[in-house]
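Trainee: Here you go, model-v4.txt (compact mmCIF, C-alpha atoms):
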```
# COMPACT_ATOMS: atom_id res chain seq x y z
CA ASP A 1 98.25 93.93 93.51
CA THR A 2 94.86 95.12 92.25
CA GLU A 3 94.38 92.35 89.75
CA VAL A 4 91.62 89.84 89.28
CA THR A 5 92.71 86.94 87.09
CA GLN A 6 90.47 84.60 85.15
CA THR A 7 91.23 81.34 83.38
CA PRO A 8 90.82 80.26 80.70
CA LYS A 9 90.61 83.31 78.42
CA HIS A 10 88.63 81.38 75.84
CA LEU A 11 86.59 78.20 76.12
CA VAL A 12 84.69 76.22 73.51
CA MET A 13 82.49 73.43 74.80
CA GLY A 14 79.80 71.12 73.55
CA MET A 15 76.38 70.90 75.13
CA THR A 16 77.23 67.65 76.90
CA ASN A 17 80.58 68.77 78.32
CA LYS A 18 81.47 69.70 81.87
CA LYS A 19 83.94 72.55 82.34
CA SER A 20 84.91 75.10 84.97
CA LEU A 21 85.86 78.76 84.96
CA LYS A 22 88.30 80.00 87.56
CA CYS A 23 88.76 83.42 89.16
CA GLU A 24 91.41 84.54 91.64
CA GLN A 25 92.16 87.72 93.59
CA HIS A 26 94.80 88.51 96.20
CA MET A 27 93.53 91.87 97.40
CA GLY A 28 91.95 90.47 100.56
CA HIS A 29 88.47 91.19 99.21
CA ARG A 30 85.63 89.36 100.94
CA ALA A 31 83.02 89.67 98.18
CA MET A 32 83.25 88.02 94.77
CA TYR A 33 80.85 88.13 91.83
CA TRP A 34 80.05 86.32 88.60
CA TYR A 35 78.54 88.27 85.71
CA LYS A 36 77.40 87.22 82.24
CA GLN A 37 77.81 89.72 79.41
CA LYS A 38 76.34 89.37 75.95
CA ALA A 39 77.68 91.46 73.07
CA LYS A 40 76.74 95.15 73.19
CA LYS A 41 74.96 94.67 76.54
CA PRO A 42 75.83 95.53 80.15
CA PRO A 43 76.98 92.77 82.50
CA GLU A 44 74.18 90.81 84.20
CA LEU A 45 74.78 89.75 87.78
CA MET A 46 74.62 85.97 88.29
CA PHE A 47 76.00 85.22 91.78
CA VAL A 48 77.48 87.03 94.77
CA TYR A 49 79.65 85.43 97.43
CA SER A 50 80.18 87.31 100.68
CA TYR A 51 82.67 85.94 103.19
CA GLU A 52 82.76 82.69 101.18
CA LYS A 53 79.00 82.18 101.47
CA LEU A 54 76.58 82.45 98.56
CA SER A 55 74.50 85.53 99.30
CA ILE A 56 72.82 86.25 95.97
CA ASN A 57 71.69 83.91 93.18
CA GLU A 58 69.87 85.89 90.51
CA SER A 59 67.66 82.96 89.48
CA VAL A 60 70.43 81.42 87.43
CA PRO A 61 69.72 78.00 85.84
CA SER A 62 71.19 75.05 87.71
CA ARG A 63 73.48 74.20 84.79
CA PHE A 64 75.66 76.98 86.28
CA SER A 65 77.08 76.02 89.67
CA PRO A 66 79.28 78.46 91.61
CA GLU A 67 81.83 77.49 94.23
CA CYS A 68 84.01 79.54 96.56
CA PRO A 69 86.71 77.22 97.97
CA ASN A 70 88.42 80.05 99.90
CA SER A 71 88.42 83.84 100.11
CA SER A 72 90.72 84.23 97.10
CA LEU A 73 89.15 81.77 94.67
CA LEU A 74 85.85 81.60 92.84
CA ASN A 75 84.84 78.88 90.40
CA LEU A 76 81.92 78.54 88.04
CA HIS A 77 81.11 74.95 87.08
CA LEU A 78 79.35 74.48 83.75
CA HIS A 79 77.31 71.46 82.70
CA ALA A 80 74.87 70.80 79.87
CA LEU A 81 74.97 74.36 78.61
CA GLN A 82 72.90 75.71 75.74
CA PRO A 83 74.17 77.73 72.75
CA GLU A 84 72.44 80.84 74.20
CA ASP A 85 74.83 80.59 77.17
CA SER A 86 77.65 81.71 74.88
CA ALA A 87 78.88 85.01 76.32
CA LEU A 88 81.72 86.75 78.14
CA TYR A 89 81.80 85.66 81.78
CA LEU A 90 83.25 88.26 84.09
CA CYS A 91 84.45 87.80 87.64
CA ALA A 92 84.73 90.74 90.03
CA SER A 93 85.66 91.34 93.64
CA SER A 94 85.16 94.10 96.22
CA GLN A 95 86.25 94.71 99.79
CA GLU A 96 82.79 93.84 101.02
CA HIS A 97 79.37 93.33 99.48
CA ARG A 98 78.21 96.84 100.23
CA GLY A 99 76.98 99.40 97.74
CA GLN A 100 79.73 101.94 98.26
CA ARG A 101 82.53 99.52 97.50
CA GLU A 102 83.82 99.60 93.94
CA GLN A 103 84.27 96.33 92.11
CA TYR A 104 87.46 95.16 90.45
CA PHE A 105 86.85 93.14 87.30
CA GLY A 106 88.85 90.41 85.67
CA PRO A 107 89.37 90.30 81.88
CA GLY A 108 86.71 87.66 81.43
CA THR A 109 86.37 84.21 79.86
CA ARG A 110 84.88 84.15 76.36
CA LEU A 111 82.65 81.06 76.31
CA THR A 112 81.28 79.49 73.13
CA VAL A 113 78.80 76.62 73.40
CA THR A 114 78.49 74.50 70.26
CA ALA B 1 62.09 99.38 90.50
CA GLN B 2 65.36 101.21 90.31
CA SER B 3 66.81 101.89 86.89
CA VAL B 4 69.69 103.65 85.20
CA THR B 5 69.27 105.36 81.86
CA GLN B 6 72.04 106.28 79.47
CA LEU B 7 70.28 108.32 76.84
CA ASP B 8 72.90 107.96 74.12
CA SER B 9 73.75 104.46 72.96
CA GLN B 10 76.48 105.74 70.64
CA VAL B 11 78.50 108.94 70.77
CA PRO B 12 80.94 109.76 67.94
CA VAL B 13 83.30 112.64 68.67
CA PHE B 14 86.39 114.05 67.01
CA GLU B 15 89.76 113.73 68.68
CA GLU B 16 90.57 116.62 71.06
CA ALA B 17 86.91 117.66 71.23
CA PRO B 18 85.00 117.67 74.54
CA VAL B 19 82.48 114.95 75.32
CA GLU B 20 79.61 114.42 77.75
CA LEU B 21 78.05 111.02 78.36
CA ARG B 22 74.69 111.27 80.07
CA CYS B 23 73.38 109.14 82.91
CA ASN B 24 70.13 109.40 84.87
CA TYR B 25 69.03 107.19 87.74
CA SER B 26 65.58 106.58 89.14
CA SER B 27 66.07 106.12 92.88
CA SER B 28 67.00 108.67 95.51
CA VAL B 29 67.60 106.05 98.18
CA SER B 30 71.19 105.39 99.23
CA VAL B 31 72.76 106.82 96.11
CA TYR B 32 76.13 105.41 95.18
CA LEU B 33 77.09 106.04 91.57
CA PHE B 34 79.97 104.79 89.47
CA TRP B 35 81.27 105.09 85.94
CA TYR B 36 83.12 102.09 84.51
CA VAL B 37 84.90 101.83 81.15
CA GLN B 38 85.26 98.66 79.09
CA TYR B 39 87.87 98.66 76.35
CA PRO B 40 87.39 96.14 73.52
CA ASN B 41 87.82 92.54 74.64
CA GLN B 42 88.61 93.52 78.21
CA GLY B 43 86.96 93.61 81.62
CA LEU B 44 85.58 96.75 83.24
CA GLN B 45 87.71 99.40 84.92
CA LEU B 46 86.51 101.99 87.41
CA LEU B 47 86.73 105.58 86.12
CA LEU B 48 85.25 107.38 89.12
CA LYS B 49 82.66 107.14 91.88
CA TYR B 50 80.30 109.30 93.90
CA LEU B 51 79.51 108.21 97.44
CA SER B 52 78.85 111.51 99.23
CA GLY B 53 80.32 114.98 99.65
CA SER B 54 81.46 117.14 96.75
CA THR B 55 79.19 116.82 93.77
CA LEU B 56 82.06 117.17 91.30
CA VAL B 57 84.06 113.99 91.15
CA LYS B 58 87.36 113.61 89.37
CA GLY B 59 88.52 110.27 88.02
CA ILE B 60 91.28 108.69 86.02
CA ASN B 61 92.35 109.60 82.49
CA GLY B 62 91.06 113.18 82.79
CA PHE B 63 87.40 112.25 83.27
CA GLU B 64 85.09 113.95 85.74
CA ALA B 65 81.41 113.66 86.62
CA GLU B 66 78.88 115.86 88.36
CA PHE B 67 76.23 114.49 90.70
CA ASN B 68 72.97 116.43 90.46
CA LYS B 69 70.41 115.28 93.01
CA SER B 70 67.55 117.48 91.77
CA GLN B 71 67.92 116.17 88.22
CA THR B 72 68.90 112.63 89.35
CA SER B 73 71.82 112.76 86.96
CA PHE B 74 75.48 111.79 86.99
CA HIS B 75 76.91 112.92 83.65
CA LEU B 76 80.47 112.05 82.65
CA ARG B 77 82.66 114.65 80.95
CA LYS B 78 86.10 114.99 79.43
CA PRO B 79 87.38 118.30 78.01
CA SER B 80 89.52 116.74 75.28
CA VAL B 81 89.23 113.12 74.14
CA HIS B 82 91.92 110.87 72.70
CA ILE B 83 91.72 107.95 70.32
CA SER B 84 92.46 105.67 73.27
CA ASP B 85 89.16 106.73 74.92
CA THR B 86 87.23 104.70 72.35
CA ALA B 87 85.36 102.21 74.54
CA GLU B 88 82.04 101.29 76.15
CA TYR B 89 81.06 103.34 79.19
CA PHE B 90 78.68 102.10 81.87
CA CYS B 91 76.95 104.15 84.54
CA VAL B 92 76.21 102.03 87.62
CA TRP B 93 73.88 102.66 90.56
CA THR B 94 74.26 100.67 93.75
CA SER B 95 72.48 100.44 97.07
CA TYR B 96 73.39 98.31 100.07
CA ASP B 97 73.02 95.05 98.15
CA LYS B 98 71.90 95.91 94.62
CA VAL B 99 73.90 96.72 91.51
CA ILE B 100 72.12 98.25 88.52
CA PHE B 101 74.01 98.82 85.28
CA GLY B 102 72.94 101.31 82.67
CA PRO B 103 72.72 99.99 79.09
CA GLY B 104 76.05 101.54 78.16
CA THR B 105 77.28 104.25 75.80
CA SER B 106 79.69 103.41 73.03
CA LEU B 107 82.16 106.28 72.60
CA SER B 108 83.95 106.40 69.25
CA VAL B 109 86.75 108.93 68.88
CA ILE B 110 87.35 109.94 65.27
CA PRO B 111 90.87 110.95 64.22
```
What does this structure look like when you write it as structure tokens?
Mentor:
Amino acid sequence: DTEVTQTPKHLVMGMTNKKSLKCEQHMGHRAMYWYKQKAKKPPELMFVYSYEKLSINESVPSRFSPECPNSSLLNLHLHALQPEDSALYLCASSQEHRGQREQYFGPGTRLTVT
Amino acid sequence: AQSVTQLDSQVPVFEEAPVELRCNYSSSVSVYLFWYVQYPNQGLQLLLKYLSGSTLVKGINGFEAEFNKSQTSFHLRKPSVHISDTAEYFCVWTSYDKVIFGPGTSLSVIP
């Protein structure tokens, strides 16, 4: 199984809502990533978890809160978002957080903030 | 700072014609290079990777890429494209703990 799953596929939320994005992999990977992708742009790295510990936070605003409950699951908690946060949110995983390891991407969650 | 350049933002090509998508990187330290493809409304999928060894790398769907250290390039090629190759292509440079995406090249295959 080389699949990374993400739920939901689409999410519309108001600026005062609280919601969560979920990502799951069963490949035994020990590194998991959150990316934000705007239209016609490359993905931008947000967070990296390595062995269930947050190892990289690319200066992401605190209205985005990641969580890694176990080695297979990654959540992204959303609160008080802004319309400019509307984007495709991609989750990825790799065997380890090392440069030579390829990443496996999920299909993404299309987020719209109204 | 490290960077990845993809010189062509859009490449239109007729079906069954060859194509080359260009990628140049700025760092010679710990070079790991990847090409990913993103089909419309989907996540990214690995096409091929260069870690070390042979400079000609073969990937999925008939794609190949050549690593050229002197020119700091990693161009992607396919001898004959299909309609289904229409997608966004990203060249990615990584080091031990950094991931740098190129801006992407949009390949449009014309019937």
Trainee: Could you name the residues that touch stretch 10-26 of chain B at 8 Å or less, counting all atoms listed in the file, but leaving out those on the same chain fewer than 2 positions away, as a PyMOL selection string?
Mentor: chain B and resi 2-8+28+71-83+91+93+102+105-111
Trainee: Based on only C-alpha atoms, which of the residues in chain A come within 8 Å of chain B? I want them as a ChimeraX atom specification.
Mentor: /A:41-43,45,90,97-100,102-108
Trainee: I need the residue nearest A:Tyr51 from this list: A:Thr112, A:Ser20, A:Ser93, A:Thr5. Use all atoms listed in the file for the distance.
Mentor: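 Result for the nearest residue to A:Tyr51: A:Ser93.
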Trainee: Write out as a PyMOL selection string each polymer residue whose atoms come within 12 Å of A:Leu78, counting all atoms listed in the file; drop sequence neighbours fewer than 3 positions from it.
Mentor: chain A and resi 11-22+60-67+75+81-82+85-86+89+111-113
Trainee: For A:Gln25, please output as a list in words all residues within 12 Å (counting all atoms listed in the file; exclusion window: fewer than 3 positions along the same chain).
Mentor: Asp1, Thr2, Glu3, Val4, Thr5, Gln6, Lys22, Gly28, His29, Arg30, Ala31, Met32, Tyr33, Cys68, Asn70, Ser71, Ser72, Leu73, Leu74, Asn75, Cys91, Ala92, Ser93, Ser94, Gln95, Gln103, Tyr104, Phe105 and Gly106 of chain A
Trainee: For atom CA of A:Thr109 and atom CA of A:Leu76, determine how far apart the two atoms are, in Å to one decimal place.
Mentor: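 Going from atom CA of A:Thr109 over to atom CA of A:Leu76, I get 10.9 Å.
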